[in-house]
Amino acid sequence: MTLEANSSAVAHQICKVLGETRLGPRRQIWQLVQRYGVERCLQWLEEALAIEQQGGDLTVAGVPRTRGGTFFALVRRATKDGRRRRWGSRKPPRAAAALPSFQWQE
(Lines give C-alpha, C1' and ligand atoms only; values in the text may rest on other atoms or scores of the structure.)
Protein backbone atom coordinates (compact mmCIF):
# COMPACT_ATOMS: atom_id res chain seq x y z
CA MET A 1 0.00 0.00 0.00
CA THR A 2 1.46 3.36 -1.01
CA LEU A 3 1.52 6.45 1.15
CA GLU A 4 -1.14 8.06 -1.07
CA ALA A 5 -3.47 5.08 -0.67
CA ASN A 6 -2.80 4.97 3.07
CA SER A 7 -3.57 8.66 3.55
CA SER A 8 -6.76 8.32 1.49
CA ALA A 9 -7.86 5.39 3.63
CA VAL A 10 -7.14 7.37 6.81
CA ALA A 11 -9.06 10.38 5.48
CA HIS A 12 -12.00 8.11 4.69
CA GLN A 13 -11.85 6.60 8.17
CA ILE A 14 -11.72 10.04 9.83
CA CYS A 15 -14.79 11.09 7.82
CA LYS A 16 -16.58 7.95 8.94
CA VAL A 17 -15.77 8.49 12.64
CA LEU A 18 -16.78 12.17 12.45
CA GLY A 19 -19.98 11.32 10.61
CA GLU A 20 -19.11 13.60 7.69
CA THR A 21 -21.16 12.66 4.63
CA ARG A 22 -21.13 15.91 2.65
CA LEU A 23 -18.55 16.36 -0.08
CA GLY A 24 -17.12 19.69 1.15
CA PRO A 25 -16.05 18.54 4.64
CA ARG A 26 -14.85 15.20 3.25
CA ARG A 27 -12.65 17.01 0.75
CA GLN A 28 -11.30 19.30 3.48
CA ILE A 29 -10.38 16.30 5.63
CA TRP A 30 -8.61 14.67 2.68
CA GLN A 31 -6.69 17.92 2.07
CA LEU A 32 -5.74 18.14 5.76
CA VAL A 33 -4.36 14.59 5.71
CA GLN A 34 -2.37 15.40 2.56
CA ARG A 35 -1.00 18.64 4.02
CA TYR A 36 -0.39 17.80 7.68
CA GLY A 37 0.00 14.04 7.53
CA VAL A 38 -1.75 11.01 8.93
CA GLU A 39 -0.31 11.25 12.45
CA ARG A 40 -1.30 14.88 13.05
CA CYS A 41 -4.82 14.38 11.71
CA LEU A 42 -5.30 11.31 13.89
CA GLN A 43 -4.15 13.38 16.89
CA TRP A 44 -6.80 16.00 16.08
CA LEU A 45 -9.37 13.21 15.80
CA GLU A 46 -8.40 11.80 19.20
CA GLU A 47 -8.57 15.29 20.75
CA ALA A 48 -12.02 15.88 19.22
CA LEU A 49 -13.31 12.58 20.60
CA ALA A 50 -11.84 13.33 24.04
CA ILE A 51 -13.51 16.77 24.08
CA GLU A 52 -16.81 15.15 23.13
CA GLN A 53 -16.50 12.66 26.00
CA GLN A 54 -15.87 15.52 28.43
CA GLY A 55 -19.12 17.25 27.50
CA GLY A 56 -18.32 18.71 24.12
CA ASP A 57 -17.30 22.08 22.76
CA LEU A 58 -19.57 25.08 22.30
CA THR A 59 -19.72 27.57 19.47
CA VAL A 60 -19.53 31.31 20.13
CA ALA A 61 -23.35 31.30 20.19
CA GLY A 62 -23.37 28.63 22.92
CA VAL A 63 -24.59 25.82 20.66
CA PRO A 64 -22.85 22.43 21.02
CA ARG A 65 -20.51 21.62 18.15
CA THR A 66 -20.87 18.45 16.16
CA ARG A 67 -18.04 15.94 16.27
CA GLY A 68 -16.80 17.23 12.92
CA GLY A 69 -17.20 20.83 14.06
CA THR A 70 -14.99 20.11 17.06
CA PHE A 71 -12.38 18.51 14.76
CA PHE A 72 -12.31 21.51 12.43
CA ALA A 73 -12.19 23.94 15.38
CA LEU A 74 -9.09 22.13 16.67
CA VAL A 75 -7.48 22.37 13.24
CA ARG A 76 -8.22 26.12 13.05
CA ARG A 77 -6.77 26.69 16.52
CA ALA A 78 -3.66 24.64 15.76
CA THR A 79 -2.82 26.10 12.37
CA LYS A 80 -2.63 29.81 11.80
CA ASP A 81 -2.15 29.32 8.06
CA GLY A 82 -4.99 26.80 8.03
CA ARG A 83 -7.35 29.41 9.38
CA ARG A 84 -6.47 31.87 6.63
CA ARG A 85 -6.14 29.50 3.69
CA ARG A 86 -8.78 26.90 4.37
CA TRP A 87 -11.57 28.78 6.08
CA GLY A 88 -10.83 32.42 5.39
CA SER A 89 -10.56 35.21 7.86
CA ARG A 90 -13.40 35.77 10.32
CA LYS A 91 -12.85 39.52 10.28
CA PRO A 92 -15.30 41.46 8.13
CA PRO A 93 -13.75 43.23 5.15
CA ARG A 94 -12.60 46.74 5.88
CA ALA A 95 -14.76 49.47 4.36
CA ALA A 96 -13.01 51.79 1.95
CA ALA A 97 -12.23 55.19 3.39
CA ALA A 98 -14.73 57.80 2.31
CA LEU A 99 -13.23 60.20 -0.18
CA PRO A 100 -13.93 63.88 0.24
CA SER A 101 -16.31 65.27 -2.36
CA PHE A 102 -14.66 67.40 -4.96
CA GLN A 103 -16.27 70.63 -6.12
CA TRP A 104 -15.23 72.25 -9.39
CA GLN A 105 -14.71 75.94 -9.05
CA GLU A 106 -16.00 77.98 -11.92
# chains A, B, ... in the order shown; residues from 1 in each chain; ligands from 1

call {"tool": "residues_around", "arguments": {"residues": "A:Glu52", "least_positions_apart": "5", "cutoff": "9 Å", "atoms": "only C-alpha atoms", "output": "short mmCIF file (atom, residue, chain, number, x, y, z; two decimals) with all heavy atoms, in the first residue's frame"}}
result
data_model
loop_
_atom_site.label_atom_id
_atom_site.label_comp_id
_atom_site.auth_asym_id
_atom_site.auth_seq_id
_atom_site.Cartn_x
_atom_site.Cartn_y
_atom_site.Cartn_z
N GLU A 47 -8.23 14.13 19.91
CA GLU A 47 -8.57 15.29 20.75
C GLU A 47 -10.06 15.62 20.64
O GLU A 47 -10.70 15.92 21.65
CB GLU A 47 -7.74 16.51 20.33
CG GLU A 47 -6.28 16.41 20.69
CD GLU A 47 -5.50 17.62 20.19
OE1 GLU A 47 -5.96 18.76 20.42
OE2 GLU A 47 -4.44 17.43 19.56
N ASP A 57 -17.80 20.74 22.99
CA ASP A 57 -17.30 22.08 22.76
C ASP A 57 -18.48 22.92 22.31
O ASP A 57 -19.38 22.44 21.63
CB ASP A 57 -16.22 22.04 21.68
CG ASP A 57 -15.40 23.30 21.59
OD1 ASP A 57 -15.42 24.10 22.55
OD2 ASP A 57 -14.71 23.49 20.57
N ARG A 65 -21.08 21.95 19.46
CA ARG A 65 -20.51 21.62 18.15
C ARG A 65 -20.77 20.14 17.86
O ARG A 65 -20.81 19.31 18.75
CB ARG A 65 -19.00 21.83 18.13
CG ARG A 65 -18.56 23.25 18.18
CD ARG A 65 -17.04 23.32 17.96
NE ARG A 65 -16.51 24.59 18.36
CZ ARG A 65 -16.51 25.67 17.58
NH1 ARG A 65 -16.99 25.60 16.37
NH2 ARG A 65 -16.01 26.80 18.03
N THR A 66 -20.83 19.85 16.57
CA THR A 66 -20.87 18.45 16.16
C THR A 66 -19.46 17.87 16.33
O THR A 66 -18.50 18.61 16.56
CB THR A 66 -21.28 18.32 14.68
OG1 THR A 66 -20.31 18.98 13.88
CG2 THR A 66 -22.66 18.92 14.44
N ARG A 67 -19.35 16.58 16.17
CA ARG A 67 -18.04 15.94 16.27
C ARG A 67 -17.10 16.50 15.21
O ARG A 67 -15.95 16.83 15.48
CB ARG A 67 -18.22 14.44 16.07
CG ARG A 67 -17.12 13.60 16.62
CD ARG A 67 -17.41 12.14 16.39
NE ARG A 67 -18.21 11.60 17.48
CZ ARG A 67 -18.68 10.37 17.52
NH1 ARG A 67 -18.47 9.55 16.52
NH2 ARG A 67 -19.38 9.96 18.54
N THR A 70 -16.05 20.09 16.06
CA THR A 70 -14.99 20.11 17.06
C THR A 70 -13.64 19.82 16.40
O THR A 70 -12.65 20.48 16.69
CB THR A 70 -15.27 19.09 18.18
OG1 THR A 70 -16.53 19.40 18.78
CG2 THR A 70 -14.18 19.11 19.23
#

call {"tool": "closest_residue", "arguments": {"among": "A:Ser101, A:Gln34, A:Gln54, A:Thr59", "to": "A:Ala73", "atoms": "only C-alpha atoms"}}
result
A:Thr59

call {"tool": "residues_around", "arguments": {"residues": "A:Leu45", "least_positions_apart": "4", "cutoff": "10 Å", "atoms": "only C-alpha atoms", "output": "list in words"}}
result
Ile14, Cys15, Val17, Leu18, Glu39, Arg40, Cys41, Leu49, Ala50, Ile51, Arg67, Gly68, Thr70, Phe71, Phe72, Leu74 and Val75 of chain A

call {"tool": "write_last_selection", "arguments": {"atoms": "N, CA and C atoms", "output": "mmCIF file, in the first residue's frame"}}
result
data_model
loop_
_atom_site.group_PDB
_atom_site.id
_atom_site.type_symbol
_atom_site.label_atom_id
_atom_site.label_comp_id
_atom_site.auth_asym_id
_atom_site.auth_seq_id
_atom_site.Cartn_x
_atom_site.Cartn_y
_atom_site.Cartn_z
ATOM 1 N N ILE A 14 -11.445 8.856 9.012
ATOM 2 C CA ILE A 14 -11.720 10.043 9.834
ATOM 3 C C ILE A 14 -13.115 10.571 9.507
ATOM 4 N N CYS A 15 -13.444 10.630 8.226
ATOM 5 C CA CYS A 15 -14.789 11.088 7.819
ATOM 6 C C CYS A 15 -15.863 10.187 8.419
ATOM 7 N N VAL A 17 -15.692 8.302 11.182
ATOM 8 C CA VAL A 17 -15.774 8.491 12.639
ATOM 9 C C VAL A 17 -16.463 9.814 12.973
ATOM 10 N N LEU A 18 -16.180 10.862 12.190
ATOM 11 C CA LEU A 18 -16.775 12.169 12.449
ATOM 12 C C LEU A 18 -18.216 12.256 11.956
ATOM 13 N N GLU A 39 -0.470 11.215 10.986
ATOM 14 C CA GLU A 39 -0.306 11.249 12.449
ATOM 15 C C GLU A 39 -0.974 12.478 13.066
ATOM 16 N N ARG A 40 -0.738 13.642 12.481
ATOM 17 C CA ARG A 40 -1.297 14.877 13.048
ATOM 18 C C ARG A 40 -2.822 14.876 12.963
ATOM 19 N N CYS A 41 -3.360 14.409 11.855
ATOM 20 C CA CYS A 41 -4.822 14.377 11.711
ATOM 21 C C CYS A 41 -5.452 13.382 12.678
ATOM 22 N N LEU A 49 -12.529 13.602 19.899
ATOM 23 C CA LEU A 49 -13.311 12.579 20.596
ATOM 24 C C LEU A 49 -13.201 12.730 22.111
ATOM 25 N N ALA A 50 -12.024 13.109 22.598
ATOM 26 C CA ALA A 50 -11.845 13.332 24.039
ATOM 27 C C ALA A 50 -12.676 14.523 24.507
ATOM 28 N N ILE A 51 -12.704 15.590 23.721
ATOM 29 C CA ILE A 51 -13.513 16.767 24.077
ATOM 30 C C ILE A 51 -14.984 16.392 24.120
ATOM 31 N N ARG A 67 -19.352 16.579 16.173
ATOM 32 C CA ARG A 67 -18.044 15.942 16.273
ATOM 33 C C ARG A 67 -17.099 16.504 15.209
ATOM 34 N N GLY A 68 -17.604 16.654 13.992
ATOM 35 C CA GLY A 68 -16.801 17.232 12.915
ATOM 36 C C GLY A 68 -16.478 18.689 13.168
ATOM 37 N N THR A 70 -16.055 20.092 16.060
ATOM 38 C CA THR A 70 -14.986 20.112 17.061
ATOM 39 C C THR A 70 -13.641 19.820 16.402
ATOM 40 N N PHE A 71 -13.607 18.852 15.490
ATOM 41 C CA PHE A 71 -12.379 18.508 14.764
ATOM 42 C C PHE A 71 -11.859 19.719 13.995
ATOM 43 N N PHE A 72 -12.736 20.367 13.228
ATOM 44 C CA PHE A 72 -12.312 21.513 12.431
ATOM 45 C C PHE A 72 -11.919 22.699 13.310
ATOM 46 N N LEU A 74 -10.446 22.459 16.214
ATOM 47 C CA LEU A 74 -9.091 22.128 16.671
ATOM 48 C C LEU A 74 -8.064 22.430 15.580
ATOM 49 N N VAL A 75 -8.395 22.099 14.356
ATOM 50 C CA VAL A 75 -7.480 22.374 13.240
ATOM 51 C C VAL A 75 -7.260 23.878 13.110
#

call {"tool": "atom_distance", "arguments": {"atom1": "atom CA of A:Glu46", "atom2": "atom CA of A:Trp30"}}
result
16.8 Å
